[in-house]
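K.L.:
Just final-v6.txt, nothing more (compact mmCIF, C-alpha atoms and all ligand atoms):
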# COMPACT_ATOMS: atom_id res chain seq x y z
CA MET A 122 -18.62 -10.62 -17.65
CA ASN A 123 -19.49 -12.46 -14.45
CA VAL A 124 -17.18 -13.44 -11.61
CA VAL A 125 -18.20 -15.58 -8.65
CA VAL A 126 -16.35 -15.38 -5.33
CA ILE A 127 -16.90 -18.23 -2.89
CA GLY A 128 -15.37 -19.24 0.40
CA ALA A 129 -13.26 -22.37 -0.15
CA GLN A 130 -13.13 -23.45 3.52
CA TRP A 131 -15.55 -23.21 6.47
CA GLY A 132 -16.33 -19.52 6.06
CA ASP A 133 -14.48 -16.43 7.31
CA GLU A 134 -11.84 -16.71 4.59
CA GLY A 135 -11.77 -12.98 3.85
CA LYS A 136 -14.47 -13.01 1.17
CA GLY A 137 -15.72 -9.56 2.20
CA LYS A 138 -12.34 -7.99 1.60
CA ILE A 139 -11.85 -9.76 -1.74
CA VAL A 140 -15.35 -8.95 -2.97
CA ASP A 141 -14.78 -5.34 -2.01
CA TYR A 142 -11.45 -5.40 -3.87
CA LEU A 143 -12.85 -7.00 -7.03
CA ALA A 144 -15.99 -4.87 -6.93
CA GLU A 145 -14.05 -1.94 -8.30
CA ASP A 146 -14.41 -3.44 -11.80
CA ALA A 147 -18.05 -4.50 -11.40
CA GLN A 148 -21.24 -2.53 -11.94
CA TYR A 149 -23.31 -4.84 -9.78
CA VAL A 150 -22.59 -6.95 -6.70
CA VAL A 151 -25.00 -9.77 -5.94
CA ARG A 152 -25.17 -11.89 -2.77
CA TYR A 153 -26.71 -15.26 -3.49
CA ALA A 154 -26.80 -17.36 -0.31
CA GLY A 155 -27.17 -17.23 3.44
CA GLY A 156 -28.39 -14.25 5.39
CA PRO A 157 -27.51 -12.65 8.74
CA ASN A 158 -25.31 -15.64 9.66
CA ALA A 159 -22.54 -14.18 7.45
CA GLY A 160 -20.06 -11.65 8.76
CA HIS A 161 -18.01 -9.84 6.15
CA THR A 162 -15.39 -7.41 7.40
CA ILE A 163 -14.04 -4.69 5.16
CA VAL A 164 -11.42 -2.13 6.09
CA VAL A 165 -11.16 1.02 3.97
CA ASP A 166 -8.82 3.86 4.99
CA GLY A 167 -8.59 2.52 8.51
CA LYS A 168 -12.37 2.36 8.94
CA GLN A 169 -13.87 -1.06 9.57
CA TYR A 170 -17.29 -2.18 8.38
CA ALA A 171 -18.96 -5.43 9.44
CA LEU A 172 -21.61 -6.48 6.94
CA HIS A 173 -24.00 -9.37 7.40
CA GLN A 174 -26.68 -9.12 4.73
CA VAL A 175 -25.84 -6.09 2.62
CA PRO A 176 -23.44 -7.08 -0.19
CA SER A 177 -19.89 -5.80 0.20
CA GLY A 178 -20.03 -3.68 -2.98
CA ILE A 179 -22.14 -1.12 -1.09
CA LEU A 180 -19.03 0.80 -0.03
CA TYR A 181 -18.53 2.03 -3.61
CA SER A 182 -20.96 4.88 -4.22
CA ASP A 183 -21.41 3.97 -7.92
CA LYS A 184 -22.41 0.32 -7.49
CA SER A 185 -25.82 -1.24 -7.09
CA VAL A 186 -26.11 -4.28 -4.88
CA PHE A 187 -28.63 -7.11 -4.88
CA LEU A 188 -29.74 -9.61 -2.26
CA GLY A 189 -30.43 -12.71 -4.30
CA SER A 190 -33.18 -15.29 -4.47
CA GLY A 191 -31.07 -17.84 -2.58
CA MET A 192 -30.87 -15.64 0.50
CA VAL A 193 -33.10 -15.67 3.55
CA ILE A 194 -33.54 -12.15 4.87
CA ASP A 195 -34.07 -10.84 8.35
CA ALA A 196 -35.70 -7.51 7.55
CA GLU A 197 -35.15 -6.01 11.00
CA ALA A 198 -31.41 -6.80 10.98
CA PHE A 199 -31.18 -5.71 7.34
CA PHE A 200 -32.65 -2.26 7.93
CA ASN A 201 -30.49 -1.84 11.04
CA GLU A 202 -27.46 -2.59 8.89
CA LEU A 203 -28.53 -0.01 6.34
CA GLN A 204 -28.95 2.51 9.16
CA MET A 205 -25.42 1.72 10.40
CA LEU A 206 -24.12 2.42 6.89
CA LYS A 207 -26.01 5.70 6.70
CA ASP A 208 -24.61 6.71 10.11
CA ASN A 209 -21.16 6.10 8.65
CA GLY A 210 -21.81 8.36 5.69
CA ILE A 211 -22.57 5.61 3.15
CA ASN A 212 -25.50 6.73 1.06
CA TRP A 213 -27.23 3.60 -0.21
CA GLU A 214 -30.59 5.05 -1.30
CA GLY A 215 -31.59 3.78 -4.72
CA ARG A 216 -28.86 1.19 -5.04
CA VAL A 217 -29.96 -1.68 -2.80
CA PHE A 218 -32.34 -4.25 -4.27
CA ILE A 219 -33.79 -7.55 -3.11
CA SER A 220 -34.96 -10.47 -5.21
CA ASP A 221 -38.70 -11.07 -5.21
CA ARG A 222 -37.88 -14.78 -4.80
CA ALA A 223 -35.83 -14.28 -1.61
CA HIS A 224 -37.39 -15.63 1.58
CA LEU A 225 -37.94 -13.81 4.86
CA ILE A 226 -36.77 -14.86 8.31
CA LEU A 227 -39.66 -14.18 10.69
CA PRO A 228 -38.55 -12.94 14.17
CA ARG A 229 -39.66 -16.08 16.01
CA TYR A 230 -37.34 -18.20 13.82
CA ARG A 231 -34.33 -16.93 15.80
CA GLN A 232 -35.48 -18.47 19.06
CA MET A 233 -36.70 -21.58 17.24
CA ASP A 234 -33.23 -21.96 15.74
CA LYS A 235 -31.56 -21.65 19.16
CA ASP A 236 -34.03 -24.03 20.83
CA ARG A 237 -33.69 -26.60 18.11
CA ASP A 238 -29.91 -26.55 18.29
CA ALA A 239 -29.98 -26.78 22.09
CA GLN A 240 -32.27 -29.81 21.87
CA ARG A 241 -30.07 -31.61 19.36
CA LYS A 242 -28.16 -34.61 20.57
CA ARG A 243 -25.27 -33.30 18.51
CA PRO A 244 -25.64 -29.51 18.32
CA ILE A 245 -24.32 -27.78 15.20
CA GLY A 246 -23.47 -24.55 17.00
CA THR A 247 -25.59 -22.41 14.67
CA THR A 248 -25.37 -18.63 14.69
CA GLY A 249 -28.90 -18.53 16.13
CA ARG A 250 -30.09 -16.21 13.38
CA GLY A 251 -33.00 -18.41 12.27
CA MET A 252 -31.25 -19.63 9.14
CA GLY A 253 -32.10 -23.32 9.29
CA ILE A 254 -35.73 -22.59 10.17
CA ALA A 255 -36.17 -20.20 7.23
CA TYR A 256 -34.57 -22.61 4.77
CA SER A 257 -36.59 -25.54 6.08
CA GLU A 258 -39.82 -23.55 5.85
CA LYS A 259 -38.78 -22.85 2.26
CA ALA A 260 -38.22 -26.56 1.61
CA HIS A 261 -41.55 -27.33 3.30
CA ARG A 262 -43.15 -24.85 0.85
CA ASP A 263 -44.40 -22.79 3.79
CA GLY A 264 -41.91 -19.92 3.52
CA VAL A 265 -42.67 -16.23 2.96
CA ARG A 266 -41.05 -14.62 -0.06
CA LEU A 267 -40.84 -10.96 -0.93
CA ALA A 268 -43.08 -11.80 -3.88
CA ASP A 269 -45.79 -12.83 -1.40
CA LEU A 270 -45.95 -9.46 0.34
CA ASP A 271 -48.79 -8.27 -1.85
CA TRP A 272 -50.60 -11.60 -1.96
CA ALA A 273 -53.50 -10.46 0.23
CA GLU A 274 -54.89 -13.92 0.96
CA LYS A 275 -51.55 -15.24 2.17
CA MET A 276 -50.75 -12.10 4.20
CA ALA A 277 -54.12 -12.38 5.96
CA GLU A 278 -53.02 -15.76 7.37
CA PHE A 279 -50.41 -14.16 9.65
CA ASP A 280 -51.20 -12.78 13.06
CA GLY A 281 -49.50 -11.52 16.24
CA GLU A 282 -45.76 -10.95 16.06
CA ASP A 283 -45.51 -12.21 12.47
CA LYS A 284 -48.19 -9.83 11.24
CA ALA A 285 -46.66 -6.87 13.11
CA TYR A 286 -43.29 -7.62 11.55
CA LEU A 287 -44.62 -8.02 8.03
CA ASP A 288 -46.72 -4.87 8.36
CA LYS A 289 -43.75 -2.91 9.65
CA TYR A 290 -41.33 -3.76 6.84
CA ARG A 291 -43.67 -4.54 3.95
CA ASP A 292 -43.59 -1.19 2.13
CA GLN A 293 -39.85 -0.71 2.53
CA LEU A 294 -39.17 -4.23 1.26
CA ILE A 295 -41.52 -3.76 -1.68
CA SER A 296 -39.74 -0.53 -2.60
CA MET A 297 -36.48 -2.48 -2.98
CA ARG A 298 -37.95 -5.57 -4.60
CA VAL A 299 -36.99 -6.59 -8.13
CA ASN A 300 -37.52 -9.45 -10.52
CA MET A 301 -34.02 -10.80 -10.18
CA ALA A 302 -34.05 -13.19 -13.14
CA ALA A 303 -35.16 -10.36 -15.43
CA LYS A 304 -32.42 -8.11 -14.02
CA MET A 305 -29.79 -10.76 -14.64
CA HIS A 306 -30.92 -11.06 -18.23
CA GLU A 307 -30.94 -7.29 -18.67
CA PHE A 308 -27.38 -6.99 -17.29
CA LYS A 309 -26.19 -9.81 -19.51
CA LYS A 310 -27.56 -8.05 -22.61
CA ALA A 311 -25.86 -4.83 -21.54
CA LYS A 312 -22.58 -6.78 -21.15
CA ALA A 313 -22.26 -5.51 -17.60
CA ASN A 314 -19.77 -6.88 -15.07
CA ILE A 315 -21.51 -8.67 -12.24
CA LEU A 316 -19.73 -9.86 -9.13
CA PHE A 317 -21.41 -12.69 -7.24
CA GLU A 318 -20.61 -12.58 -3.55
CA GLY A 319 -20.67 -15.94 -1.79
CA ALA A 320 -21.33 -16.32 1.92
CA GLN A 321 -20.27 -19.14 4.24
CA GLY A 322 -17.97 -21.56 2.42
CA ALA A 323 -17.69 -24.67 0.29
CA MET A 324 -17.41 -26.88 3.37
CA LEU A 325 -20.56 -25.34 4.91
CA ASP A 326 -22.64 -25.92 1.79
CA LEU A 327 -25.75 -27.99 2.50
CA ASP A 328 -24.89 -30.59 -0.16
CA SER A 329 -21.11 -30.63 -0.51
CA GLY A 330 -20.14 -29.63 3.03
CA THR A 331 -19.63 -31.71 6.16
CA TYR A 332 -23.31 -32.54 6.64
CA PRO A 333 -25.00 -32.26 9.12
CA TYR A 334 -22.44 -29.73 10.40
CA VAL A 335 -23.19 -27.23 7.67
CA SER A 336 -25.32 -24.17 7.09
CA SER A 337 -28.55 -24.56 5.17
CA GLY A 338 -28.03 -22.54 1.99
CA ALA A 339 -26.24 -23.23 -1.28
CA SER A 340 -22.89 -21.60 -0.54
CA CYS A 341 -21.22 -23.55 -3.35
CA ALA A 342 -20.41 -21.90 -6.70
CA ALA A 343 -23.52 -23.43 -8.29
CA GLY A 344 -25.49 -21.45 -5.71
CA ALA A 345 -24.63 -18.29 -7.68
CA SER A 346 -26.80 -19.58 -10.48
CA LEU A 347 -29.55 -21.08 -8.30
CA GLY A 348 -29.64 -18.10 -5.99
CA THR A 349 -29.92 -15.32 -8.57
CA GLY A 350 -31.55 -16.63 -11.72
CA ILE A 351 -28.54 -16.46 -14.02
CA GLY A 352 -27.98 -19.63 -16.04
CA PRO A 353 -24.94 -21.77 -15.17
CA HIS A 354 -23.28 -21.13 -18.56
CA ASP A 355 -23.13 -17.44 -17.74
CA LEU A 356 -20.78 -17.82 -14.79
CA ASP A 357 -17.52 -16.87 -16.52
CA LYS A 358 -15.00 -17.14 -13.69
CA ILE A 359 -15.17 -18.75 -10.28
CA VAL A 360 -12.64 -17.95 -7.60
CA GLY A 361 -12.34 -19.47 -4.15
CA VAL A 362 -10.96 -17.58 -1.17
CA PHE A 363 -8.93 -19.46 1.44
CA LYS A 364 -6.68 -18.59 4.34
CA ALA A 365 -3.07 -19.73 4.76
CA TYR A 366 -4.42 -21.83 7.66
CA GLU A 367 -7.83 -23.25 8.58
CA THR A 368 -10.60 -22.00 10.86
CA ARG A 369 -14.05 -23.19 11.72
CA VAL A 370 -16.79 -21.79 13.98
CA GLY A 371 -19.30 -24.07 15.61
CA ASN A 372 -19.18 -27.84 15.77
CA GLY A 373 -18.31 -30.51 13.27
CA PRO A 374 -15.24 -32.30 11.98
CA MET A 375 -12.03 -30.40 11.33
CA PRO A 376 -9.25 -32.92 10.72
CA SER A 377 -6.38 -30.42 10.74
CA GLU A 378 -7.46 -28.61 13.94
CA PHE A 379 -4.60 -27.71 16.28
CA ASN A 380 -4.33 -30.07 19.20
CA ASN A 381 -5.29 -28.20 22.37
CA GLU A 382 -2.53 -29.74 24.47
CA SER A 383 0.44 -29.96 22.15
CA GLU A 384 -0.37 -27.03 19.84
CA GLY A 385 -2.28 -24.72 22.19
CA GLU A 386 0.31 -21.98 21.94
CA LEU A 387 0.39 -22.06 18.14
CA CYS A 388 -3.42 -22.01 18.12
CA GLN A 389 -3.58 -18.94 20.35
CA TYR A 390 -0.93 -17.22 18.25
CA VAL A 391 -2.82 -17.78 15.00
CA ARG A 392 -6.15 -16.83 16.61
CA ASP A 393 -4.82 -13.57 18.02
CA THR A 394 -2.67 -12.55 15.06
CA GLY A 395 -5.40 -13.46 12.60
CA ARG A 396 -8.16 -11.87 14.77
CA GLU A 397 -10.03 -15.14 14.62
CA TYR A 398 -13.10 -14.12 16.58
CA GLY A 399 -16.54 -14.24 14.96
CA VAL A 400 -17.93 -11.06 13.38
CA THR A 401 -21.50 -12.33 13.83
CA THR A 402 -21.33 -14.13 17.19
CA GLY A 403 -18.00 -13.05 18.73
CA ARG A 404 -17.07 -16.71 19.26
CA ALA A 405 -13.37 -17.67 19.23
CA ARG A 406 -12.80 -19.59 16.02
CA ARG A 407 -11.26 -23.04 16.03
CA CYS A 408 -7.91 -22.92 14.24
CA GLY A 409 -5.76 -25.47 12.45
CA TYR A 410 -3.27 -26.19 9.71
CA LEU A 411 -4.24 -25.49 6.13
CA ASP A 412 -6.21 -28.57 5.03
CA LEU A 413 -5.21 -29.30 1.46
CA VAL A 414 -7.39 -32.42 1.25
CA ALA A 415 -10.47 -30.29 1.92
CA LEU A 416 -9.21 -27.43 -0.27
CA ARG A 417 -8.63 -29.66 -3.29
CA TYR A 418 -12.12 -31.10 -2.84
CA ALA A 419 -13.51 -27.55 -2.76
CA CYS A 420 -11.62 -26.73 -5.97
CA GLN A 421 -13.02 -29.79 -7.70
CA VAL A 422 -16.67 -29.52 -6.74
CA ASN A 423 -16.81 -25.79 -7.43
CA SER A 424 -14.86 -25.66 -10.73
CA LEU A 425 -12.53 -23.09 -9.23
CA ASP A 426 -10.57 -21.22 -11.92
CA GLY A 427 -8.39 -19.59 -9.33
CA LEU A 428 -7.70 -19.39 -5.64
CA VAL A 429 -7.32 -16.27 -3.54
CA LEU A 430 -4.90 -16.70 -0.66
CA THR A 431 -5.58 -14.48 2.36
CA HIS A 432 -3.90 -14.01 5.77
CA LEU A 433 -0.54 -15.13 4.39
CA ASP A 434 1.07 -12.50 6.65
CA ILE A 435 -0.16 -14.31 9.78
CA TYR A 436 2.73 -16.73 9.30
CA ASP A 437 5.36 -13.96 8.98
CA ALA A 438 7.08 -14.71 12.28
CA MET A 439 7.10 -18.50 12.06
CA ASP A 440 10.29 -20.55 11.67
CA GLN A 441 8.35 -23.38 10.16
CA ILE A 442 4.90 -23.82 8.67
CA GLU A 443 2.96 -27.04 8.31
CA ALA A 444 -0.01 -28.03 6.14
CA CYS A 445 -2.20 -31.13 6.08
CA VAL A 446 -1.66 -33.13 2.88
CA ALA A 447 -3.54 -36.36 3.72
CA TYR A 448 -5.56 -37.97 6.47
CA ASN A 449 -4.70 -41.13 8.34
CA ILE A 450 -8.04 -42.80 9.00
CA ASP A 451 -7.71 -46.07 10.91
CA GLY A 452 -4.29 -46.65 9.35
CA LYS A 453 -5.44 -45.85 5.81
CA ILE A 454 -4.00 -42.86 3.95
CA VAL A 455 -6.88 -40.84 2.53
CA THR A 456 -6.64 -37.89 0.12
CA ASP A 457 -10.22 -37.88 -1.23
CA PHE A 458 -12.39 -35.89 1.17
CA PRO A 459 -14.77 -38.34 2.91
CA ALA A 460 -18.51 -37.77 3.43
CA ASN A 461 -18.66 -39.72 6.68
CA VAL A 462 -18.34 -37.36 9.66
CA GLU A 463 -17.27 -40.13 12.01
CA GLU A 464 -14.39 -40.97 9.69
CA LEU A 465 -13.52 -37.29 9.52
CA ASN A 466 -13.54 -37.10 13.33
CA ARG A 467 -11.08 -40.01 13.50
CA ALA A 468 -8.83 -38.58 10.77
CA GLU A 469 -5.30 -37.73 11.89
CA PRO A 470 -3.69 -35.03 9.78
CA ILE A 471 -0.52 -35.98 7.89
CA LEU A 472 1.58 -32.84 7.80
CA GLU A 473 4.12 -31.49 5.35
CA LYS A 474 6.70 -29.01 6.64
CA PHE A 475 7.65 -25.74 4.95
CA GLN A 476 10.28 -23.19 5.88
CA GLY A 477 9.01 -19.90 7.25
CA TRP A 478 9.98 -16.61 5.59
CA LYS A 479 10.56 -14.57 8.77
CA THR A 480 9.84 -11.32 6.93
CA PRO A 481 6.83 -9.00 7.21
CA LEU A 482 4.74 -9.29 4.03
CA LYS A 483 2.44 -6.32 4.71
CA GLU A 484 4.23 -4.03 2.24
CA CYS A 485 4.56 -6.61 -0.52
CA ARG A 486 2.56 -5.80 -3.68
CA ASP A 487 4.20 -8.13 -6.17
CA PHE A 488 4.38 -11.90 -6.29
CA ASN A 489 7.95 -11.77 -7.57
CA LYS A 490 9.00 -9.83 -4.50
CA LEU A 491 7.67 -12.42 -2.05
CA PRO A 492 10.36 -14.26 -0.09
CA LYS A 493 11.42 -17.55 -1.67
CA GLN A 494 9.87 -19.59 1.17
CA ALA A 495 6.45 -17.93 0.70
CA LYS A 496 6.62 -18.68 -3.02
CA GLU A 497 7.41 -22.30 -2.21
CA TYR A 498 4.37 -22.55 0.07
CA ILE A 499 2.19 -21.06 -2.68
CA LYS A 500 3.65 -23.33 -5.37
CA TYR A 501 2.99 -26.42 -3.25
CA ILE A 502 -0.66 -25.44 -2.76
CA GLU A 503 -1.08 -24.79 -6.49
CA ASP A 504 0.43 -28.13 -7.44
CA TYR A 505 -1.61 -30.01 -4.83
CA THR A 506 -4.94 -28.42 -5.75
CA GLU A 507 -4.15 -28.14 -9.47
CA THR A 508 -5.50 -24.59 -9.24
CA PRO A 509 -3.55 -21.35 -9.64
CA ILE A 510 -3.37 -18.83 -6.82
CA THR A 511 -4.36 -15.67 -8.62
CA ILE A 512 -4.68 -13.10 -5.81
CA VAL A 513 -2.77 -12.81 -2.54
CA SER A 514 -3.80 -10.73 0.48
CA VAL A 515 -1.22 -9.65 3.06
CA GLY A 516 -3.30 -7.42 5.35
CA TYR A 517 -6.79 -6.17 6.17
CA GLU A 518 -6.75 -2.98 4.12
CA ARG A 519 -8.24 -2.91 0.62
CA ASN A 520 -4.83 -2.08 -0.87
CA GLU A 521 -2.88 -4.79 0.99
CA THR A 522 -3.50 -7.15 -1.88
CA PHE A 523 -1.88 -8.10 -5.15
CA ILE A 524 -3.18 -9.73 -8.28
CA ARG A 525 -1.28 -12.29 -10.37
CA GLN A 526 -4.15 -12.92 -12.73
CA ASN A 527 -7.14 -10.60 -12.89
CA PRO A 528 -10.39 -12.62 -12.89
CA TRP A 529 -12.08 -9.85 -14.93
CA LYS A 530 -9.75 -10.57 -17.86
CA LYS A 531 -10.78 -13.54 -20.00
P1 LIG B 1 -19.24 -16.00 6.45
O1 LIG B 1 -20.03 -15.57 5.26
C1 LIG B 1 -18.33 -19.03 9.45
C2 LIG B 1 -21.53 -21.83 10.58
C3 LIG B 1 -22.01 -21.69 12.00
C4 LIG B 1 -22.44 -23.10 12.30
C5 LIG B 1 -23.03 -23.56 10.97
C6 LIG B 1 -24.53 -23.47 10.89
O2 LIG B 1 -18.94 -14.94 7.45
O3 LIG B 1 -18.03 -16.76 6.05
P2 LIG B 1 -26.22 -21.41 10.71
O4 LIG B 1 -26.49 -20.30 11.67
O5 LIG B 1 -25.79 -20.93 9.36
O6 LIG B 1 -27.31 -22.42 10.63
O7 LIG B 1 -24.97 -22.20 11.36
O8 LIG B 1 -22.44 -22.73 9.98
N1 LIG B 1 -21.54 -20.58 9.78
C7 LIG B 1 -20.46 -19.83 9.52
N2 LIG B 1 -19.18 -19.95 9.91
N3 LIG B 1 -18.66 -18.03 8.62
C8 LIG B 1 -19.92 -17.91 8.17
O9 LIG B 1 -20.27 -17.01 7.23
C9 LIG B 1 -20.90 -18.80 8.65
N4 LIG B 1 -22.23 -18.94 8.46
C10 LIG B 1 -22.60 -20.03 9.14
O10 LIG B 1 -20.97 -21.28 12.85
O11 LIG B 1 -21.33 -23.91 12.57
MG MG B 2 -18.18 -15.22 9.37
Rewrite the structure of this file - the entire thing - as structure tokens.
Ligand code: IMO
Ligand code: MG
P.N.:
Amino acid sequence: MNVVVIGAQWGDEGKGKIVDYLAEDAQYVVRYAGGPNAGHTIVVDGKQYALHQVPSGILYSDKSVFLGSGMVIDAEAFFNELQMLKDNGINWEGRVFISDRAHLILPRYRQMDKDRDAQRKRPIGTTGRGMGIAYSEKAHRDGVRLADLDWAEKMAEFDGEDKAYLDKYRDQLISMRVNMAAKMHEFKKAKANILFEGAQGAMLDLDSGTYPYVSSGASCAAGASLGTGIGPHDLDKIVGVFKAYETRVGNGPMPSEFNNESEGELCQYVRDTGREYGVTTGRARRCGYLDLVALRYACQVNSLDGLVLTHLDIYDAMDQIEACVAYNIDGKIVTDFPANVEELNRAEPILEKFQGWKTPLKECRDFNKLPKQAKEYIKYIEDYTETPITIVSVGYERNETFIRQNPWKK
């Protein structure tokens, strides 16, 4: 069986933790989009791991992990990450593989990415990891794939820094390289459980996100098919991870963002309690009310079977909680997520109020034991998005989670 986990907001929803949690029942964990721009934090027995390119399933010694065709890979950063894991006692030898169709980020792309963003009239606030350059080289048909590493004629065209980089990592990359589509077919025949790990989020997807303020990969659920070689019919379950509130890093519209002047204190509280500082760039994340207009859109365009609610405990101390249920755009009430970024920038959030539960949720392991007010918040989200909340996370640790409906069960 196959389960896809995507971010249902603007990234940083807690995908790493949920993938790690669901990986227990998978044989294989496959990343399908993005690259070193992602930052997935996992906490096991008090030890914290920050992963950027290596799929989160790596922490289980019996799982193999794959970097899919839809990824763009910075080999230097990737091998540094593997070294970090080894230094922490994680033995990954023989269980990390990379698709032969995945593209490489050449070292000079990082600076090109930063320069290009700095020169933009309206900077995106990229992570500066060379993502957009690698994906645009791919679209230009000038990219370098792992499959090309033994194409002598093409390799001979590189010189200087590029050549040194390719020469340095070539053999190691080739030793991990696989025909991903064939692997997917093999696993399907063996009736294996595959977990597809999304990066970024639905609203950062190149096509369905808030373009141009998006990343450049297919971080939508369909990306799991495109970015690995498994056919779309074979994606059995798709779950979307979202936080009890909203965050965004970098620029671009965020209609439910806390107002700096009137909600500055609330913003700082959520940011500090939720540790809303970037894993990849260290930037303070923008924070806001849960945006149900955007979340419902994410549910619709990604065929989400279930939602995973994380960071619910961040609201433990609040008397009252609010969520955005519509936008007021120039006096019009809008509930269908608009494509126009200028409209989104003018959108005023229309908020619904909920009673706080004023109880620590950290120890809760059962939906039925949640305080009534937390259940009401959850029920409202389910009704609004027409999608069940199937997993709830109440802390950073692997075990601070409970399942209402296991995605691995049909
Ligand atoms: P995870 O997987 C949050 C954002 C960047 C920027 C925009 C484009 O940890 O959820 P890029 O460098 O990708 O060209 O930047 O996308 N962004 C993310 N924000 N979490 C991520 O990944 C992100 N990956 C990219 O901040 O606004
Ligand atoms: Mg992140």
K.L.:
I'd like the interatomic distance between atom CA of Phe200 of chain A and atom CA of Val175 of chain A, to a tenth of an Å.
P.N.:
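Computing the Euclidean distance for atom CA of Phe200 of chain A and atom CA of Val175 of chain A yields 9.4 Å.
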K.L.:
May I ask you to write as a PDB file with C-alpha atoms, in the coordinates of the input all residues lying at most 9 Å from ligand LIG 1 (chain B), with all atoms listed in the file counted?
P.N.:
ATOM      1  CA  GLY A 128     -15.370 -19.240   0.400  1.00  0.00           C
ATOM      2  CA  GLN A 130     -13.130 -23.450   3.520  1.00  0.00           C
ATOM      3  CA  TRP A 131     -15.550 -23.210   6.470  1.00  0.00           C
ATOM      4  CA  GLY A 132     -16.330 -19.520   6.060  1.00  0.00           C
ATOM      5  CA  ASP A 133     -14.480 -16.430   7.310  1.00  0.00           C
ATOM      6  CA  GLU A 134     -11.840 -16.710   4.590  1.00  0.00           C
ATOM      7  CA  GLY A 135     -11.770 -12.980   3.850  1.00  0.00           C
ATOM      8  CA  LYS A 136     -14.470 -13.010   1.170  1.00  0.00           C
ATOM      9  CA  GLY A 137     -15.720  -9.560   2.200  1.00  0.00           C
ATOM     10  CA  ALA A 154     -26.800 -17.360  -0.310  1.00  0.00           C
ATOM     11  CA  GLY A 155     -27.170 -17.230   3.440  1.00  0.00           C
ATOM     12  CA  GLY A 156     -28.390 -14.250   5.390  1.00  0.00           C
ATOM     13  CA  PRO A 157     -27.510 -12.650   8.740  1.00  0.00           C
ATOM     14  CA  ASN A 158     -25.310 -15.640   9.660  1.00  0.00           C
ATOM     15  CA  ALA A 159     -22.540 -14.180   7.450  1.00  0.00           C
ATOM     16  CA  GLY A 160     -20.060 -11.650   8.760  1.00  0.00           C
ATOM     17  CA  HIS A 161     -18.010  -9.840   6.150  1.00  0.00           C
ATOM     18  CA  THR A 162     -15.390  -7.410   7.400  1.00  0.00           C
ATOM     19  CA  LEU A 172     -21.610  -6.480   6.940  1.00  0.00           C
ATOM     20  CA  HIS A 173     -24.000  -9.370   7.400  1.00  0.00           C
ATOM     21  CA  ASP A 234     -33.230 -21.960  15.740  1.00  0.00           C
ATOM     22  CA  ILE A 245     -24.320 -27.780  15.200  1.00  0.00           C
ATOM     23  CA  GLY A 246     -23.470 -24.550  17.000  1.00  0.00           C
ATOM     24  CA  THR A 247     -25.590 -22.410  14.670  1.00  0.00           C
ATOM     25  CA  THR A 248     -25.370 -18.630  14.690  1.00  0.00           C
ATOM     26  CA  GLY A 249     -28.900 -18.530  16.130  1.00  0.00           C
ATOM     27  CA  ARG A 250     -30.090 -16.210  13.380  1.00  0.00           C
ATOM     28  CA  GLY A 251     -33.000 -18.410  12.270  1.00  0.00           C
ATOM     29  CA  MET A 252     -31.250 -19.630   9.140  1.00  0.00           C
ATOM     30  CA  GLY A 253     -32.100 -23.320   9.290  1.00  0.00           C
ATOM     31  CA  ILE A 254     -35.730 -22.590  10.170  1.00  0.00           C
ATOM     32  CA  GLY A 319     -20.670 -15.940  -1.790  1.00  0.00           C
ATOM     33  CA  ALA A 320     -21.330 -16.320   1.920  1.00  0.00           C
ATOM     34  CA  GLN A 321     -20.270 -19.140   4.240  1.00  0.00           C
ATOM     35  CA  GLY A 322     -17.970 -21.560   2.420  1.00  0.00           C
ATOM     36  CA  LEU A 325     -20.560 -25.340   4.910  1.00  0.00           C
ATOM     37  CA  ASP A 326     -22.640 -25.920   1.790  1.00  0.00           C
ATOM     38  CA  PRO A 333     -25.000 -32.260   9.120  1.00  0.00           C
ATOM     39  CA  TYR A 334     -22.440 -29.730  10.400  1.00  0.00           C
ATOM     40  CA  VAL A 335     -23.190 -27.230   7.670  1.00  0.00           C
ATOM     41  CA  SER A 336     -25.320 -24.170   7.090  1.00  0.00           C
ATOM     42  CA  SER A 337     -28.550 -24.560   5.170  1.00  0.00           C
ATOM     43  CA  GLY A 338     -28.030 -22.540   1.990  1.00  0.00           C
ATOM     44  CA  SER A 340     -22.890 -21.600  -0.540  1.00  0.00           C
ATOM     45  CA  THR A 368     -10.600 -22.000  10.860  1.00  0.00           C
ATOM     46  CA  ARG A 369     -14.050 -23.190  11.720  1.00  0.00           C
ATOM     47  CA  VAL A 370     -16.790 -21.790  13.980  1.00  0.00           C
ATOM     48  CA  GLY A 371     -19.300 -24.070  15.610  1.00  0.00           C
ATOM     49  CA  ASN A 372     -19.180 -27.840  15.770  1.00  0.00           C
ATOM     50  CA  GLY A 373     -18.310 -30.510  13.270  1.00  0.00           C
ATOM     51  CA  GLY A 399     -16.540 -14.240  14.960  1.00  0.00           C
ATOM     52  CA  VAL A 400     -17.930 -11.060  13.380  1.00  0.00           C
ATOM     53  CA  THR A 401     -21.500 -12.330  13.830  1.00  0.00           C
ATOM     54  CA  THR A 402     -21.330 -14.130  17.190  1.00  0.00           C
ATOM     55  CA  ARG A 404     -17.070 -16.710  19.260  1.00  0.00           C
ATOM     56  CA  ARG A 406     -12.800 -19.590  16.020  1.00  0.00           C
TER      57      ARG A 406
END
K.L.:
Which one is closest to Lys259 of chain A: A:Ala342, A:Ile502, A:Val217, A:Met192? Count only C-alpha atoms.
P.N.:
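Closest residue, counting only C-alpha atoms: A:Met192.
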K.L.:
From the set A:Trp213, A:Tyr390, A:Tyr398, A:Phe475, which residue has the shortest atom-to-atom contact distance to ligand MG 2 (chain B), counting all atoms listed in the file?
P.N.:
A:Tyr398
